[in-house]
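Q: One structure, pasted below without further comment.
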Amino acid sequence: MLTAETVRAQIRVASWEEASRAAGNLLVAAGSAEPRYVDAMMDVLREMGPYAVIAPGIVLLHARREDGVRQPCLALVTLATPVPFGHRENDPVDLVVALGAVDKHAHVAALQELARLLGDEAALQRIRAAENDRDLLLAVRPQESGI
Amino acid sequence: MRIATLCGMGFGTSMMLKLFIDDILKAEGIKAEVIPWDLGTFKGQQADIIVAAMDMEMHLRSTTARVVLIRNLVDKAEIRTKVVAAIRELQGAAGSA
């Protein structure tokens, strides 16, 4: 579900808001979510607290389907300089994931892809080490990298 | 055995936790139902074990279920160790009762 359109490597942002926008805007640019979905994801983080920082350096952002998801979608952004999201232990964040789900079950494929990547220490290292978008895309699609 | 995974909305973090736990249970040969819950509707529901992020602790103080709190939600080793220990503990308690 991650494509050349929805991964960006080593972008420069100064705040969690900018980081969230960067990831969310990829979903919008790909036509998978409406612009208001990006704001909704940030509202969820403000309302629910920073538990969305699911692991050291990793945040998983999402909102509800009715907040403007057009199709199941996933975006991944790595940050050149990590930024704090307000989590006691897992800050600062250098890996931002934005998820758009259309219902509780249809997005399981997206989460499976994500769980496979984030649960794999070697894959995580490749993702964090990727210096450009092309390398990042290869890192999230190891089966197509030819290595 | 009924295991619930809890997060704010019931389909992001909790669904990913469910996927990891399903994998772990399969590898360990343990049969259990794993259901994602959200904060809005989980009260009044029954589960033997609730698995959630550390930050969810404040929402889980009144539950009678065994609570398992995970620090790193993508660390399968941490999830496996804590969840399997909770299951064995409950199985042991049931066996001796």
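Ligands are numbered from 1 in the order shown, chains are lettered A, B, ... in the order of the structure tokens, and residues start at 1 in each chain.
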Within 10 Å of chain A, which residues of chain B are there when counting only C-alpha atoms? Please give them as a list of chain:residue names.

A: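 Every residue of chain B that passes the 10 Å test is in B:Cys7, B:Gly8, B:Met9, B:Gly10, B:Phe11, B:Gly12, B:Thr13, B:Met15, B:Met16, B:Leu17, B:Leu19, B:Phe20, B:Pro36, B:Leu39, B:Ala52, B:Ala53, B:Met54, B:Asp55, B:Met56, B:Ile70, B:Arg71, B:Asn72, B:Leu73, B:Val74, B:Asp75, B:Lys76, B:Ala77.
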
Q: Region 14-23 of chain A: which residues within 8 Å, counting only C-alpha atoms, same-chain residues fewer than 6 positions away excluded, as a VMD selection string?

A: chain A and resid 6 38 to 39 41 to 42 61 75 to 77 79 83 to 85 96 to 98

Q: I need the residues from that last selection saved to file as a short mmCIF file (atom, residue, chain, number, x, y, z; two decimals), in the first residue's frame (with C-alpha atoms), if you can.

A:
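File out-v6.cif, as written:
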data_model
loop_
_atom_site.label_atom_id
_atom_site.label_comp_id
_atom_site.auth_asym_id
_atom_site.auth_seq_id
_atom_site.Cartn_x
_atom_site.Cartn_y
_atom_site.Cartn_z
CA THR A 6 3.27 8.04 -0.18
CA VAL A 38 -5.03 15.89 8.01
CA ASP A 39 -6.51 18.28 10.57
CA MET A 41 -5.58 13.30 12.60
CA MET A 42 -3.97 16.13 14.53
CA LEU A 61 -1.53 8.87 13.12
CA ALA A 75 1.91 7.13 4.19
CA LEU A 76 5.36 7.00 5.73
CA VAL A 77 7.71 9.92 6.36
CA LEU A 79 12.43 13.08 9.60
CA VAL A 83 10.68 16.18 16.86
CA PRO A 84 8.86 15.64 20.18
CA PHE A 85 5.20 14.55 20.15
CA VAL A 96 5.69 9.26 11.04
CA VAL A 97 3.00 6.93 9.73
CA ALA A 98 -0.40 8.19 8.58
#

Q: Could you work out how far CA of Ala4 (chain B) lies from CA of Trp37 (chain B), giving the answer in Å with one decimal?

A: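 For CA of Trp37 (chain B) relative to CA of Ala4 (chain B), the distance reads 6.3 Å.
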
Q: Record the distance separating CA of Asp135 (chain A) and CA of Leu95 (chain A), expressed in Å with one decimal.

A: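 Computing it gives 14.9 Å between the two atoms.
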
Q: Could you give me the residues within chain B that DSSP places in alpha helix (DSSP H), as a PyMOL selection string?

A: chain B and resi 13-28+76-96

Q: Mind checking which residues fall within 7 Å of region 127-129 of chain A, counting only C-alpha atoms, ignoring those fewer than 6 positions away in the same chain, and posting them as a list in words?

A: Thr78, Leu136, Ala139 and Val140 of chain A

Q: Okay, now the selection with C-alpha atoms, as a PDB file, in the first residue's frame?

A:
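Everything below was put into result_7.pdb:
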ATOM      1  CA  THR A  78      11.127   9.900   7.993  1.00  0.00           C
ATOM      2  CA  LEU A 136      12.958   4.468   1.406  1.00  0.00           C
ATOM      3  CA  ALA A 139      13.308  -0.314   2.290  1.00  0.00           C
ATOM      4  CA  VAL A 140       9.550  -0.697   2.679  1.00  0.00           C
TER       5      VAL A 140
END

Q: So, with only C-alpha atoms as the atoms that count, which of A:Asp94, A:Ala80, A:Arg65, A:Leu124 lies closest to Gln10 (chain A)?

A: A:Ala80

Q: Between B:Thr63, B:Ala27, B:Lys43, B:Val51, which has the minimum distance to Ala86 (chain B) (counting only C-alpha atoms)?

A: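 Closest to Ala86 (chain B) of all the choices is B:Val51.
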
Q: Could you pull out the residues in region 31-93 of chain B that DSSP calls strand (DSSP E or B) from the backbone, as a short mmCIF file (atom, residue, chain, number, x, y, z; two decimals) with N, CA and C atoms, in the first residue's frame?

A:
data_model
loop_
_atom_site.label_atom_id
_atom_site.label_comp_id
_atom_site.auth_asym_id
_atom_site.auth_seq_id
_atom_site.Cartn_x
_atom_site.Cartn_y
_atom_site.Cartn_z
N GLU B 33 -9.33 -15.79 21.61
CA GLU B 33 -9.96 -14.81 20.74
C GLU B 33 -9.35 -13.45 21.07
N VAL B 34 -8.93 -12.71 20.05
CA VAL B 34 -8.35 -11.39 20.30
C VAL B 34 -9.22 -10.32 19.63
N ILE B 35 -9.75 -9.41 20.44
CA ILE B 35 -10.69 -8.42 19.92
C ILE B 35 -10.17 -7.00 20.18
N PRO B 36 -10.16 -6.15 19.13
CA PRO B 36 -9.79 -4.75 19.37
C PRO B 36 -10.95 -3.97 19.99
N TRP B 37 -10.62 -3.20 21.00
CA TRP B 37 -11.63 -2.37 21.68
C TRP B 37 -11.24 -0.91 21.55
N ASP B 38 -12.25 -0.03 21.69
CA ASP B 38 -11.93 1.39 21.77
C ASP B 38 -12.38 1.94 23.12
N ILE B 49 -8.12 -10.85 29.55
CA ILE B 49 -6.88 -10.06 29.55
C ILE B 49 -7.11 -8.82 28.68
N ILE B 50 -6.63 -7.68 29.13
CA ILE B 50 -6.65 -6.48 28.29
C ILE B 50 -5.21 -6.05 28.03
N VAL B 51 -4.86 -5.89 26.76
CA VAL B 51 -3.52 -5.47 26.39
C VAL B 51 -3.61 -4.06 25.82
N ALA B 52 -2.74 -3.16 26.31
CA ALA B 52 -2.80 -1.76 25.86
C ALA B 52 -1.44 -1.10 26.02
N ALA B 53 -1.32 0.09 25.43
CA ALA B 53 -0.11 0.88 25.61
C ALA B 53 0.00 1.35 27.05
N ARG B 66 -7.15 -9.06 33.77
CA ARG B 66 -5.72 -8.96 33.94
C ARG B 66 -5.22 -7.95 32.91
N VAL B 67 -4.52 -6.90 33.37
CA VAL B 67 -4.07 -5.84 32.45
C VAL B 67 -2.60 -6.04 32.09
N VAL B 68 -2.31 -6.00 30.80
CA VAL B 68 -0.93 -6.10 30.31
C VAL B 68 -0.60 -4.80 29.60
N LEU B 69 0.40 -4.08 30.10
CA LEU B 69 0.77 -2.79 29.51
C LEU B 69 2.06 -2.94 28.72
N ILE B 70 2.05 -2.43 27.48
CA ILE B 70 3.19 -2.58 26.58
C ILE B 70 3.88 -1.23 26.37
#

Q: What separation in Å, quoted to one decimal, exists between CA of Glu78 (chain B) and CA of Ile24 (chain B)?

A: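 Computing it gives 11.1 Å between the two atoms.
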